[in-house]
$ cat coords17.cif   # mmCIF, C-alpha atoms
data_structure
#
loop_
_atom_site.label_atom_id
_atom_site.label_comp_id
_atom_site.auth_asym_id
_atom_site.auth_seq_id
_atom_site.Cartn_x
_atom_site.Cartn_y
_atom_site.Cartn_z
CA MET S 7 -37.38 18.92 0.38
CA LYS S 8 -38.40 16.08 2.66
CA LEU S 9 -38.86 16.79 6.36
CA SER S 10 -38.33 14.30 9.14
CA PRO S 11 -41.51 13.36 11.12
CA ARG S 12 -40.23 15.32 14.14
CA LYS S 13 -39.60 18.47 12.08
CA ARG S 14 -42.95 18.04 10.37
CA LYS S 15 -44.71 17.91 13.76
CA ILE S 16 -42.92 21.06 14.94
CA LEU S 17 -43.84 22.82 11.68
CA ILE S 18 -47.53 21.84 12.10
CA ILE S 19 -47.53 23.11 15.72
CA ILE S 20 -45.93 26.44 14.65
CA ILE S 21 -48.48 26.85 11.81
CA GLY S 22 -51.29 25.99 14.26
CA ILE S 23 -50.11 28.58 16.80
CA LEU S 24 -49.77 31.22 14.05
CA ILE S 25 -53.33 30.48 12.85
CA ILE S 26 -54.71 30.78 16.41
CA ILE S 27 -52.86 34.09 16.93
CA GLY S 28 -54.17 35.33 13.58
CA PHE S 29 -57.73 34.34 14.47
CA THR S 30 -57.40 36.00 17.88
CA PHE S 31 -56.60 39.35 16.26
CA TYR S 32 -59.61 39.01 13.98
CA GLN S 33 -61.83 37.14 16.44
CA LYS S 34 -64.80 39.51 16.02
CA GLU S 35 -64.76 39.06 12.24
CA VAL S 36 -64.26 35.28 12.50
CA LYS S 37 -67.10 34.91 15.02
CA ASN S 38 -69.36 37.17 12.95
CA PHE S 39 -68.72 35.02 9.86
CA PHE S 40 -69.71 31.83 11.67
CA TYR S 41 -72.79 33.47 13.28
CA LEU S 42 -73.86 34.75 9.86
CA ILE S 43 -73.71 31.37 8.13
CA SER S 44 -75.08 29.51 11.17
CA SER S 45 -78.06 31.65 12.16
CA PRO S 46 -80.62 30.02 9.76
CA ILE S 47 -79.56 26.52 10.89
CA GLN S 48 -79.55 27.57 14.54
CA LYS S 49 -83.04 29.02 14.20
CA THR S 50 -84.35 25.77 12.70
CA LEU S 51 -82.58 23.64 15.32
CA TRP S 52 -83.98 25.91 18.04
CA GLN S 53 -87.55 25.38 16.80
CA VAL S 54 -87.02 21.61 16.46
CA GLY S 55 -85.58 21.45 19.99
CA ASP S 56 -88.54 23.40 21.32
CA ARG S 57 -91.02 20.97 19.73
CA VAL S 58 -89.11 17.86 20.84
CA SER S 59 -88.84 19.07 24.44
CA ASP S 60 -92.56 19.94 24.42
CA PHE S 61 -93.31 16.41 23.20
CA PHE S 62 -91.26 14.80 25.96
CA GLU S 63 -92.79 17.07 28.57
CA THR S 64 -96.25 15.94 27.44
CA ILE S 65 -95.26 12.27 27.74
CA ALA S 66 -93.89 12.86 31.22
CA GLU S 67 -97.14 14.53 32.22
CA ILE S 68 -99.51 11.74 31.00
CA LYS S 69 -99.50 10.10 34.46
CA ASN S 70 -100.92 13.15 36.10
CA LEU S 71 -103.44 13.95 33.38
CA LYS S 72 -106.44 12.18 34.96
CA LYS S 73 -105.95 13.84 38.32
CA GLU S 74 -105.31 17.13 36.64
CA ASN S 75 -108.48 16.75 34.55
CA GLU S 76 -110.64 16.47 37.67
CA GLU S 77 -108.96 19.43 39.25
CA LEU S 78 -109.39 21.42 36.06
CA LYS S 79 -113.13 20.71 35.95
CA LEU S 80 -113.46 22.19 39.40
CA LYS S 81 -111.31 25.13 38.52
CA ASN S 82 -113.30 25.65 35.33
CA GLN S 83 -116.36 26.48 37.39
CA GLU S 84 -114.39 28.99 39.39
CA PHE S 85 -113.03 30.51 36.23
CA LEU S 86 -116.47 30.90 34.70
CA ALA S 87 -117.37 33.18 37.56
CA GLN S 88 -114.22 35.15 37.03
CA ILE S 89 -114.75 35.62 33.30
CA VAL S 90 -117.20 38.42 33.86
CA LEU S 91 -114.70 40.20 36.03
CA LEU S 92 -111.87 39.56 33.59
CA LYS S 93 -113.75 41.08 30.68
CA ALA S 94 -113.80 44.37 32.47
CA LEU S 95 -110.13 44.00 33.37
CA LYS S 96 -109.25 43.15 29.77
CA LYS S 97 -110.35 46.53 28.60
CA GLU S 98 -108.30 48.19 31.30
CA ASN S 99 -105.33 45.99 30.48
CA GLU S 100 -105.40 46.96 26.80
CA LEU S 101 -105.33 50.60 27.74
CA LEU S 102 -102.38 50.00 30.08
CA ARG S 103 -100.49 48.02 27.44
CA LYS S 104 -100.80 50.88 25.01
CA ALA S 105 -99.66 53.26 27.68
CA LEU S 106 -96.64 51.06 28.45
CA GLU S 107 -95.67 50.87 24.78
CA ILE S 108 -95.93 54.61 24.46
CA ASP S 109 -94.00 54.95 27.72
CA LEU S 110 -91.16 52.79 26.43
CA LYS S 111 -90.92 54.72 23.18
CA LYS S 112 -91.18 58.01 25.03
CA ASP S 113 -88.36 57.20 27.46
CA PHE S 114 -85.88 55.51 25.17
CA GLN S 115 -84.83 55.03 21.59
CA LEU S 116 -85.21 51.32 20.97
CA THR S 117 -84.11 48.73 18.44
CA LEU S 118 -85.90 45.41 18.23
CA ALA S 119 -83.77 42.25 17.93
CA GLU S 120 -84.39 38.53 17.75
CA VAL S 121 -82.67 36.07 20.05
CA ILE S 122 -80.86 33.50 17.91
CA GLY S 123 -78.72 31.68 20.46
CA LYS S 124 -78.47 31.20 24.19
CA ASP S 125 -75.32 30.21 26.01
CA ILE S 126 -76.83 29.29 29.33
CA SER S 127 -73.56 28.02 30.81
CA GLN S 128 -72.13 31.53 30.51
CA ASP S 129 -75.31 33.54 31.06
CA SER S 130 -75.26 35.19 27.65
CA LEU S 131 -77.45 35.56 24.56
CA LEU S 132 -76.78 36.04 20.88
CA ILE S 133 -79.03 38.52 19.04
CA ASN S 134 -79.40 39.27 15.35
CA LYS S 135 -78.45 42.97 15.47
CA GLY S 136 -74.89 44.22 15.39
CA LEU S 137 -72.71 47.20 14.50
CA THR S 138 -74.51 47.67 11.16
CA GLY S 139 -77.81 47.94 13.06
CA GLY S 140 -76.47 50.81 15.18
CA ILE S 141 -75.64 48.61 18.16
CA SER S 142 -72.56 49.31 20.26
CA GLU S 143 -70.95 47.94 23.38
CA GLU S 144 -72.56 48.52 26.80
CA MET S 145 -76.04 49.31 25.41
CA PRO S 146 -78.77 48.07 27.80
CA VAL S 147 -81.07 45.26 26.68
CA ILE S 148 -84.64 45.00 28.01
CA THR S 149 -87.88 43.13 27.33
CA GLU S 150 -91.12 44.68 26.08
CA GLY S 151 -92.29 44.73 29.71
CA LYS S 152 -89.39 47.04 30.69
CA VAL S 153 -87.54 44.20 32.41
CA LEU S 154 -83.74 44.38 32.39
CA ILE S 155 -81.97 41.49 30.64
CA GLY S 156 -78.37 42.67 30.35
CA ARG S 157 -76.02 44.71 28.21
CA ILE S 158 -74.27 44.34 24.87
CA SER S 159 -70.84 42.87 25.50
CA GLU S 160 -69.51 41.86 22.13
CA PRO S 161 -71.02 43.59 19.08
CA ALA S 162 -70.02 42.04 15.76
CA GLU S 163 -70.98 43.19 12.26
CA ASN S 164 -74.44 41.59 12.15
CA PHE S 165 -74.73 39.99 15.59
CA SER S 166 -74.15 40.88 19.19
CA ARG S 167 -73.57 39.00 22.38
CA VAL S 168 -75.66 40.09 25.34
CA LEU S 169 -74.17 39.62 28.80
CA LEU S 170 -77.08 38.75 31.09
CA ILE S 171 -77.32 40.55 34.42
CA SER S 172 -76.83 37.14 36.05
CA ASN S 173 -73.37 36.77 34.46
CA PRO S 174 -70.63 36.81 37.16
CA ASN S 175 -68.97 39.75 35.37
CA SER S 176 -72.06 41.91 35.78
CA SER S 177 -72.67 44.33 38.67
CA PHE S 178 -74.64 47.57 38.83
CA GLY S 179 -76.43 49.95 41.17
CA VAL S 180 -80.05 49.29 42.12
CA LYS S 181 -82.66 50.43 44.59
CA ILE S 182 -85.59 48.79 46.29
CA GLN S 183 -88.75 50.28 44.90
CA GLU S 184 -90.83 52.27 47.37
CA ARG S 185 -88.14 52.03 50.07
CA GLU S 186 -85.41 54.18 48.55
CA VAL S 187 -82.80 51.72 49.79
CA THR S 188 -79.86 51.46 47.40
CA GLY S 189 -77.52 48.53 46.82
CA VAL S 190 -75.60 46.64 44.19
CA ILE S 191 -76.78 43.67 42.13
CA LYS S 192 -74.07 41.14 41.30
CA GLY S 193 -74.45 38.28 38.83
CA LYS S 194 -73.88 34.87 40.41
CA GLY S 195 -74.16 32.80 37.22
CA ASN S 196 -76.83 30.26 36.35
CA PHE S 197 -79.54 33.02 36.28
CA LYS S 198 -78.95 33.90 39.93
CA LEU S 199 -78.56 37.43 41.31
CA LEU S 200 -77.18 38.67 44.61
CA LEU S 201 -78.23 41.96 46.14
CA ASP S 202 -75.29 43.33 48.13
CA LEU S 203 -74.12 46.40 50.06
CA ILE S 204 -77.46 47.06 51.74
CA PRO S 205 -76.77 48.89 55.04
CA LYS S 206 -77.74 46.82 58.07
CA ASP S 207 -80.02 49.49 59.47
CA GLN S 208 -82.20 49.48 56.34
CA GLU S 209 -85.26 47.26 56.33
CA ILE S 210 -85.73 44.92 53.36
CA LYS S 211 -88.35 42.22 52.88
CA GLU S 212 -88.74 39.11 50.77
CA GLY S 213 -90.83 40.00 47.74
CA ASP S 214 -89.51 43.57 47.47
CA LEU S 215 -89.11 44.82 43.90
CA ILE S 216 -85.65 45.81 42.67
CA VAL S 217 -85.21 48.50 40.01
CA THR S 218 -82.17 50.10 38.43
CA THR S 219 -80.70 53.45 39.39
CA SER S 220 -78.81 55.72 37.03
CA LEU S 221 -75.79 55.44 39.36
CA GLY S 222 -72.74 54.33 37.38
CA GLY S 223 -74.38 55.26 34.10
CA ILE S 224 -74.68 51.66 32.88
CA PHE S 225 -78.46 51.39 32.85
CA PRO S 226 -81.28 53.94 32.78
CA LYS S 227 -83.17 54.31 36.05
CA GLU S 228 -86.44 52.62 37.04
CA ILE S 229 -86.03 49.46 34.96
CA LEU S 230 -87.31 46.28 36.61
CA VAL S 231 -84.58 43.88 37.71
CA GLY S 232 -86.14 41.27 39.97
CA ARG S 233 -87.73 40.39 43.27
CA ILE S 234 -86.04 39.61 46.61
CA GLN S 235 -86.24 35.85 47.12
CA LYS S 236 -84.29 35.30 50.33
CA ILE S 237 -82.53 37.63 52.73
CA LEU S 238 -79.07 36.51 53.87
CA ARG S 239 -78.22 38.03 57.20
CA SER S 240 -74.80 37.60 58.76
CA ASP S 241 -73.36 39.06 61.94
CA ILE S 242 -69.86 39.06 60.47
CA LYS S 243 -70.61 40.98 57.28
CA PRO S 244 -71.04 44.74 57.52
CA PHE S 245 -73.87 44.76 54.96
CA GLN S 246 -77.06 42.80 54.31
CA GLN S 247 -77.27 40.54 51.29
CA ALA S 248 -80.23 38.92 49.51
CA LEU S 249 -80.85 36.44 46.75
CA VAL S 250 -82.87 37.99 43.93
CA SER S 251 -84.84 36.15 41.27
CA PRO S 252 -84.69 37.97 37.93
CA PHE S 253 -87.94 38.86 36.16
CA PHE S 254 -86.88 37.60 32.74
CA ASP S 255 -87.42 33.98 31.76
CA ILE S 256 -84.59 32.82 29.49
CA SER S 257 -86.63 29.99 27.97
CA LYS S 258 -89.31 32.42 26.79
CA LEU S 259 -87.04 35.14 25.46
CA GLU S 260 -87.47 35.42 21.70
CA THR S 261 -87.35 39.15 21.05
CA VAL S 262 -85.61 41.89 23.01
CA PHE S 263 -85.25 45.67 22.85
CA ILE S 264 -81.87 47.37 22.82
CA ILE S 265 -81.86 50.87 24.27
CA THR S 266 -79.77 52.83 21.81
CA SER S 267 -80.29 56.17 23.54
CA TYR S 268 -81.81 57.33 26.82
CA MET Y 1 -57.97 15.03 3.80
CA GLN Y 2 -61.51 13.66 3.68
CA ARG Y 3 -61.55 12.63 7.32
CA PHE Y 4 -60.16 16.01 8.40
CA LEU Y 5 -62.99 17.72 6.53
CA THR Y 6 -65.58 15.29 7.96
CA LEU Y 7 -64.36 15.98 11.48
CA PHE Y 8 -64.51 19.74 10.87
CA LEU Y 9 -68.12 19.50 9.67
CA PHE Y 10 -69.01 17.09 12.49
CA PHE Y 11 -67.78 19.49 15.17
CA TYR Y 12 -69.49 22.43 13.46
CA ILE Y 13 -72.84 20.59 13.51
CA LEU Y 14 -72.26 19.52 17.13
CA SER Y 15 -71.63 23.11 18.20
CA LEU Y 16 -74.85 24.25 16.46
CA ILE Y 17 -76.81 21.50 18.20
CA GLN Y 18 -75.26 22.46 21.52
CA THR Y 19 -76.10 26.16 21.23
CA SER Y 20 -79.65 25.82 19.88
CA PHE Y 21 -81.25 22.35 20.08
CA LEU Y 22 -79.79 21.16 23.37
CA ILE Y 23 -80.68 24.35 25.28
CA HIS Y 24 -84.21 22.97 25.68
CA PHE Y 25 -82.86 19.92 27.52
CA ASN Y 26 -80.96 21.65 30.28
CA ILE Y 27 -81.12 20.32 33.82
CA LYS Y 28 -80.91 23.06 36.43
CA GLY Y 29 -79.40 25.27 33.74
CA GLU Y 30 -76.63 22.81 32.94
CA LEU Y 31 -75.89 21.14 29.60
CA PRO Y 32 -73.54 18.38 28.50
CA ASN Y 33 -70.54 19.55 26.49
CA LEU Y 34 -70.98 17.53 23.28
CA ILE Y 35 -67.68 18.67 21.78
CA LEU Y 36 -65.68 17.86 24.90
CA ILE Y 37 -67.26 14.39 25.05
CA SER Y 38 -66.56 13.83 21.34
CA VAL Y 39 -62.93 14.89 21.63
CA PHE Y 40 -62.55 12.62 24.65
CA LEU Y 41 -64.09 9.66 22.79
CA LEU Y 42 -61.81 10.35 19.83
CA ILE Y 43 -58.75 10.22 22.10
CA PHE Y 44 -60.00 7.19 24.01
CA SER Y 45 -60.74 5.16 20.88
CA GLU Y 46 -57.45 6.06 19.18
CA ASN Y 47 -54.08 4.37 19.53
CA PRO Y 48 -52.22 6.57 22.08
CA ARG Y 49 -49.27 6.80 19.68
CA LYS Y 50 -51.40 8.23 16.84
CA ASN Y 51 -51.99 11.97 16.57
CA PHE Y 52 -55.29 12.43 14.73
CA SER Y 53 -57.14 13.36 17.93
CA PHE Y 54 -54.92 16.47 18.25
CA PHE Y 55 -56.64 17.74 15.12
CA GLY Y 56 -59.99 16.87 16.75
CA ALA Y 57 -59.00 18.88 19.84
CA LEU Y 58 -57.95 21.82 17.64
CA VAL Y 59 -61.21 21.91 15.66
CA GLY Y 60 -63.39 21.13 18.68
CA GLY Y 61 -61.74 23.89 20.71
CA PHE Y 62 -62.10 26.31 17.80
CA PHE Y 63 -65.88 25.81 17.63
CA LEU Y 64 -66.24 25.92 21.43
CA ASP Y 65 -64.53 29.33 21.35
CA ILE Y 66 -66.53 30.59 18.37
CA PHE Y 67 -69.90 29.85 19.97
CA SER Y 68 -69.02 31.00 23.47
CA ASN Y 69 -68.19 34.19 25.26
CA SER Y 70 -64.54 33.31 25.80
CA PHE Y 71 -61.50 34.45 23.88
CA LEU Y 72 -60.58 32.59 20.74
CA GLY Y 73 -57.85 30.11 21.55
CA ILE Y 74 -58.66 29.29 25.18
CA SER Y 75 -60.64 26.12 24.48
CA ILE Y 76 -58.18 25.16 21.73
CA ILE Y 77 -55.22 25.32 24.13
CA THR Y 78 -57.19 23.56 26.89
CA LEU Y 79 -58.31 20.70 24.65
CA LEU Y 80 -54.85 20.29 23.08
CA LEU Y 81 -53.29 20.09 26.54
CA MET Y 82 -56.03 17.69 27.66
CA THR Y 83 -55.33 15.47 24.60
CA PHE Y 84 -51.60 15.43 25.36
CA LEU Y 85 -52.15 14.52 29.02
CA LEU Y 86 -54.78 11.88 28.23
CA LYS Y 87 -52.48 10.21 25.72
CA ARG Y 88 -49.72 10.10 28.32
CA ALA Y 89 -52.13 8.60 30.85
CA MET Y 90 -53.33 6.01 28.34
CA LEU Y 91 -49.74 4.95 27.66
CA ILE Y 92 -49.18 4.43 31.39
CA LEU Y 93 -52.43 2.53 31.96
CA LYS Y 94 -52.07 -1.06 30.84
CA GLU Y 95 -55.72 -1.94 30.39
CA LEU Y 96 -58.41 0.52 29.37
CA ASN Y 97 -61.86 -0.49 30.54
CA ILE Y 98 -65.14 1.19 31.46
CA PHE Y 99 -63.80 2.06 34.91
CA TRP Y 100 -60.88 4.01 33.46
CA PHE Y 101 -63.19 5.48 30.82
CA LEU Y 102 -65.35 7.06 33.55
CA ILE Y 103 -62.39 8.19 35.66
CA LEU Y 104 -60.62 9.80 32.69
CA LEU Y 105 -63.84 11.44 31.45
CA PHE Y 106 -64.50 12.80 34.95
CA VAL Y 107 -60.97 14.22 35.12
CA SER Y 108 -61.27 15.65 31.57
CA ILE Y 109 -64.56 17.47 32.28
CA ASN Y 110 -63.13 19.08 35.37
CA PHE Y 111 -59.77 19.82 33.77
CA TYR Y 112 -61.51 21.56 30.86
CA ASN Y 113 -63.76 23.67 33.12
CA LEU Y 114 -61.05 24.67 35.59
CA PHE Y 115 -58.21 25.26 33.14
CA SER Y 116 -60.28 27.27 30.63
CA ASN Y 117 -61.78 29.37 33.45
CA PHE Y 118 -58.32 29.95 34.89
CA ILE Y 119 -56.87 31.08 31.54
CA ASN Y 120 -59.93 33.28 30.96
CA SER Y 121 -59.46 34.98 34.34
CA LEU Y 122 -55.73 35.38 33.59
CA ILE Y 123 -56.49 37.18 30.32
CA LEU Y 124 -59.08 39.39 32.00
CA PHE Y 125 -56.58 40.15 34.81
CA LYS Y 126 -59.08 38.74 37.30
CA VAL Y 127 -57.05 35.89 38.76
CA THR Y 128 -58.40 36.68 42.20
CA SER Y 129 -61.96 36.01 40.96
CA PHE Y 130 -61.00 32.45 39.98
CA ARG Y 131 -62.26 29.91 42.49
CA ILE Y 132 -63.53 26.37 42.57
CA ASP Y 133 -67.15 26.05 43.66
CA PHE Y 134 -68.57 22.61 44.34
CA THR Y 135 -72.17 23.70 43.87
CA GLU Y 136 -75.27 21.74 42.86
CA ALA Y 137 -74.80 23.01 39.29
CA PHE Y 138 -71.26 21.58 39.25
CA VAL Y 139 -72.51 18.13 40.32
CA VAL Y 140 -75.37 18.21 37.77
CA GLU Y 141 -73.01 19.22 34.96
CA VAL Y 142 -70.52 16.43 35.73
CA ILE Y 143 -73.22 13.74 36.05
CA TYR Y 144 -75.01 14.91 32.88
CA ASN Y 145 -71.73 14.76 30.92
CA LEU Y 146 -70.75 11.36 32.36
CA ILE Y 147 -74.13 9.80 31.53
CA LEU Y 148 -74.12 11.14 27.97
CA GLY Y 149 -70.48 10.07 27.52
CA LEU Y 150 -71.33 6.58 28.73
CA ILE Y 151 -74.33 6.29 26.37
CA VAL Y 152 -72.27 7.40 23.36
CA PHE Y 153 -69.45 5.04 24.39
CA TYR Y 154 -71.77 2.01 24.42
CA LEU Y 155 -73.45 3.14 21.18
CA LEU Y 156 -70.04 3.29 19.51
CA LEU Y 157 -69.18 -0.17 20.83
CA PHE Y 158 -72.49 -1.50 19.48
CA PHE Y 159 -71.94 0.02 16.04
CA LYS Y 160 -68.35 -1.19 15.95
CA LYS Y 161 -69.45 -4.73 16.79
CA TYR Y 162 -72.62 -5.14 14.73
CA VAL Y 163 -72.56 -2.55 11.98
CA PHE Y 164 -69.01 -1.73 10.91
CA ILE Y 165 -67.45 -5.17 11.29
CA ARG Y 166 -69.28 -7.67 9.15
CA PRO Y 167 -68.50 -11.40 9.30
CA GLN Y 168 -66.28 -12.54 6.45
CA LYS Y 169 -67.59 -15.01 3.87
CA GLY Y 170 -66.93 -18.63 4.74
CA ALA Y 171 -66.00 -17.72 8.30
#
$ encode --input "coords17.cif" --output "structure tokens"
Amino acid sequence: MKLSPRKRKILIIIIGILIIIGFTFYQKEVKNFFYLISSPIQKTLWQVGDRVSDFFETIAEIKNLKKENEELKLKNQEFLAQIVLLKALKKENELLRKALEIDLKKDFQLTLAEVIGKDISQDSLLINKGLTGGISEEMPVITEGKVLIGRISEPAENFSRVLLISNPNSSFGVKIQEREVTGVIKGKGNFKLLLDLIPKDQEIKEGDLIVTTSLGGIFPKEILVGRIQKILRSDIKPFQQALVSPFFDISKLETVFIITSY
Amino acid sequence: MQRFLTLFLFFYILSLIQTSFLIHFNIKGELPNLILISVFLLIFSENPRKNFSFFGALVGGFFLDIFSNSFLGISIITLLLMTFLLKRAMLILKELNIFWFLILLFVSINFYNLFSNFINSLILFKVTSFRIDFTEAFVVEVIYNLILGLIVFYLLLFFKKYVFIRPQKGA
């Protein structure tokens, strides 16, 4: 049977639509398959990209090296004086680190995962733990320093997508540490956060620390979120708002902890 | 069949580069959309009456959906519609030059972003959350894409002129 070009085109379009519909029903499985076969290549490309960008950054910095060298010599002398002080602090720091690690393990049940992809245009991450690793939707994701990153939004068989707190679809209850002022953090995209619904009579300051509250049941309480960067006051709006800079640095995120139980 | 397979592999590699290698070269958190630029170049370099670039849009959209947070099918539909509209525009325009290249690329970048975001908000029943923001990030993204598109366009012209077309013997 020979089809006319017009009928052939219609047939191709129908087949195409059917394939897309089919894929949509199995999108988790399809995405998981591609993540599974791509993760070794993505890891290599990630490392190559890191080295190449470091190389270009070094070239761009050559101009300033001489000036920087002189400044560094001066600073070196200052640092020598501080070394003695730092040695004492180092010991204290080690003790605190251990305490923090114990604290994390004491408060939550954690699963360690590696970051294998970052979709910065949509404020999301891809990690190498999925349903088979005991991960499920809505689980909080934090750093080793107890800094909130986001929550699991799309767990696949061996991988999961993490929706960063800066994603526009993210909002949750927070409080300002040491002030007991509560509000809501909303993702503004592009790693930006907005603190909203702060009553006008409550005092907030730039530099204030924001931590989570257990309100809403999305995240455990007392997890670091960010620091107030700029307060936005408006006579029209019934509440105060503020821009908040998150504590996590996307470019340095390589491993994360998923809170499986708290 | 071979060129369909080549295009499939090409877009797969591009999407891997975009989600891992290129992340380190973001400007103000914005990246060029390699697949969108490639699909656009495919359409622009093809005879408007030919249909191969529809396959490019299908595969490109598929990989954009796979490696992003959006629903499978949104980028496919957006790129297919973009291909259809671009082909119509190219049939209307008598002469295609660098000016029209930039205009059409500019329109395509914005069409892709707005249309895919709109469909996404429709699916999530959040139509009210859909809005157009002309922020600094928006400007950076458009300029980054236009510059990369322009570089690739001239590279393709160079290769077409000096590498692929060799002078015939005795000419």
$ atom_distance --input "coords17.cif" --atom1 "CA of Lys236 (chain S)" --atom2 "CA of Ser251 (chain S)"
9.1 Å
$ interface_residues --input "coords17.cif" --of "chain Y" --to "chain S" --cutoff "6 Å" --atoms "all atoms listed in the file" --output "PyMOL selection string"
chain Y and resi 20-21+66+72
$ closest_residue --input "coords17.cif" --among "Y:Phe44, Y:Lys160, Y:Leu148, Y:Ser121" --to "Ser70 (chain Y)" --atoms "all atoms listed in the file"
Y:Ser121
$ resolve_selection --input "coords17.cif" --expression "the PyMOL selection byres ((chain Y and resi 67) around 8)" --output "ChimeraX atom specification"
/S:37 /Y:15,19,63-66,68-69
$ residues_around --input "coords17.cif" --residues "region 85-91 of chain Y" --least-positions-apart "4" --cutoff "10 Å" --atoms "only C-alpha atoms" --output "compact mmCIF listing (two decimals) with C-alpha atoms, keeping the file's coordinate frame"
# COMPACT_ATOMS: atom_id res chain seq x y z
CA PHE Y 40 -62.55 12.62 24.65
CA ILE Y 43 -58.75 10.22 22.10
CA PHE Y 44 -60.00 7.19 24.01
CA GLU Y 46 -57.45 6.06 19.18
CA ASN Y 47 -54.08 4.37 19.53
CA PRO Y 48 -52.22 6.57 22.08
CA ARG Y 49 -49.27 6.80 19.68
CA LYS Y 50 -51.40 8.23 16.84
CA ASN Y 51 -51.99 11.97 16.57
CA SER Y 53 -57.14 13.36 17.93
CA LEU Y 79 -58.31 20.70 24.65
CA LEU Y 80 -54.85 20.29 23.08
CA LEU Y 81 -53.29 20.09 26.54
CA GLU Y 95 -55.72 -1.94 30.39
CA LEU Y 96 -58.41 0.52 29.37
CA TRP Y 100 -60.88 4.01 33.46
CA LEU Y 104 -60.62 9.80 32.69
CA LEU Y 105 -63.84 11.44 31.45
CA VAL Y 107 -60.97 14.22 35.12
CA SER Y 108 -61.27 15.65 31.57
$ atom_distance --input "coords17.cif" --atom1 "CA of Ile13 (chain Y)" --atom2 "CA of Leu58 (chain Y)"
15.5 Å
$ atom_distance --input "coords17.cif" --atom1 "CA of Lys206 (chain S)" --atom2 "CA of Ile191 (chain S)"
16.3 Å
$ residues_around --input "coords17.cif" --residues "region 26-34 of chain Y" --least-positions-apart "6" --cutoff "6 Å" --atoms "only C-alpha atoms" --output "PyMOL selection string"
chain Y and resi 141+144-145
$ write_last_selection --input "coords17.cif" --atoms "C-alpha atoms" --output "CSV table (one decimal), in the coordinates of the input"
chain,number,residue,atom,x,y,z
Y,141,GLU,CA,-73.0,19.2,35.0
Y,144,TYR,CA,-75.0,14.9,32.9
Y,145,ASN,CA,-71.7,14.8,30.9
$ residues_near_point --input "coords17.cif" --point "(-62.4, 22.9, 24.7)" --cutoff "8 Å" --atoms "all atoms listed in the file" --output "list of chain:residue names"
Y:Ile35, Y:Leu36, Y:Ala57, Y:Gly60, Y:Gly61, Y:Phe62, Y:Leu64, Y:Asp65, Y:Ile74, Y:Ser75, Y:Ile76, Y:Ile77, Y:Thr78, Y:Leu79, Y:Tyr112, Y:Ser116
$ closest_residue --input "coords17.cif" --among "S:Ile229, S:Ile256, S:Val190, S:Leu17" --to "His24 (chain Y)" --atoms "only C-alpha atoms"
S:Ile256
$ resolve_selection --input "coords17.cif" --expression "the PyMOL selection byres ((chain S and resi 261) around 6)" --output "list in words"
Ala119, Glu120, Val121, Leu259, Glu260 and Val262 of chain S
$ closest_residue --input "coords17.cif" --among "Y:Leu22, Y:Val142, Y:Ile151, Y:Thr6" --to "Ile103 (chain Y)" --atoms "all atoms listed in the file"
Y:Val142
$ closest_residue --input "coords17.cif" --among "Y:Ile17, Y:Gln2, Y:Met82, Y:Tyr12" --to "Val39 (chain Y)" --atoms "all atoms listed in the file"
Y:Met82
$ resolve_selection --input "coords17.cif" --expression "the PyMOL selection byres ((chain S and resi 247) around 8)" --output "VMD selection string"
chain S and resid 200 to 204 237 to 239 245 to 246 248 to 249
$ closest_residue --input "coords17.cif" --among "S:Ile68, S:Ile18, S:Ile155, S:Val147" --to "Phe114 (chain S)" --atoms "only C-alpha atoms"
S:Val147
$ closest_residue --input "coords17.cif" --among "S:Ile224, S:Val180, S:Leu91, S:Leu215" --to "Ile158 (chain S)" --atoms "all atoms listed in the file"
S:Ile224
$ residues_around --input "coords17.cif" --residues "Lys181 (chain S)" --least-positions-apart "2" --cutoff "6 Å" --atoms "only C-alpha atoms" --output "number ranges by chain"
S: 187-189, 216-217
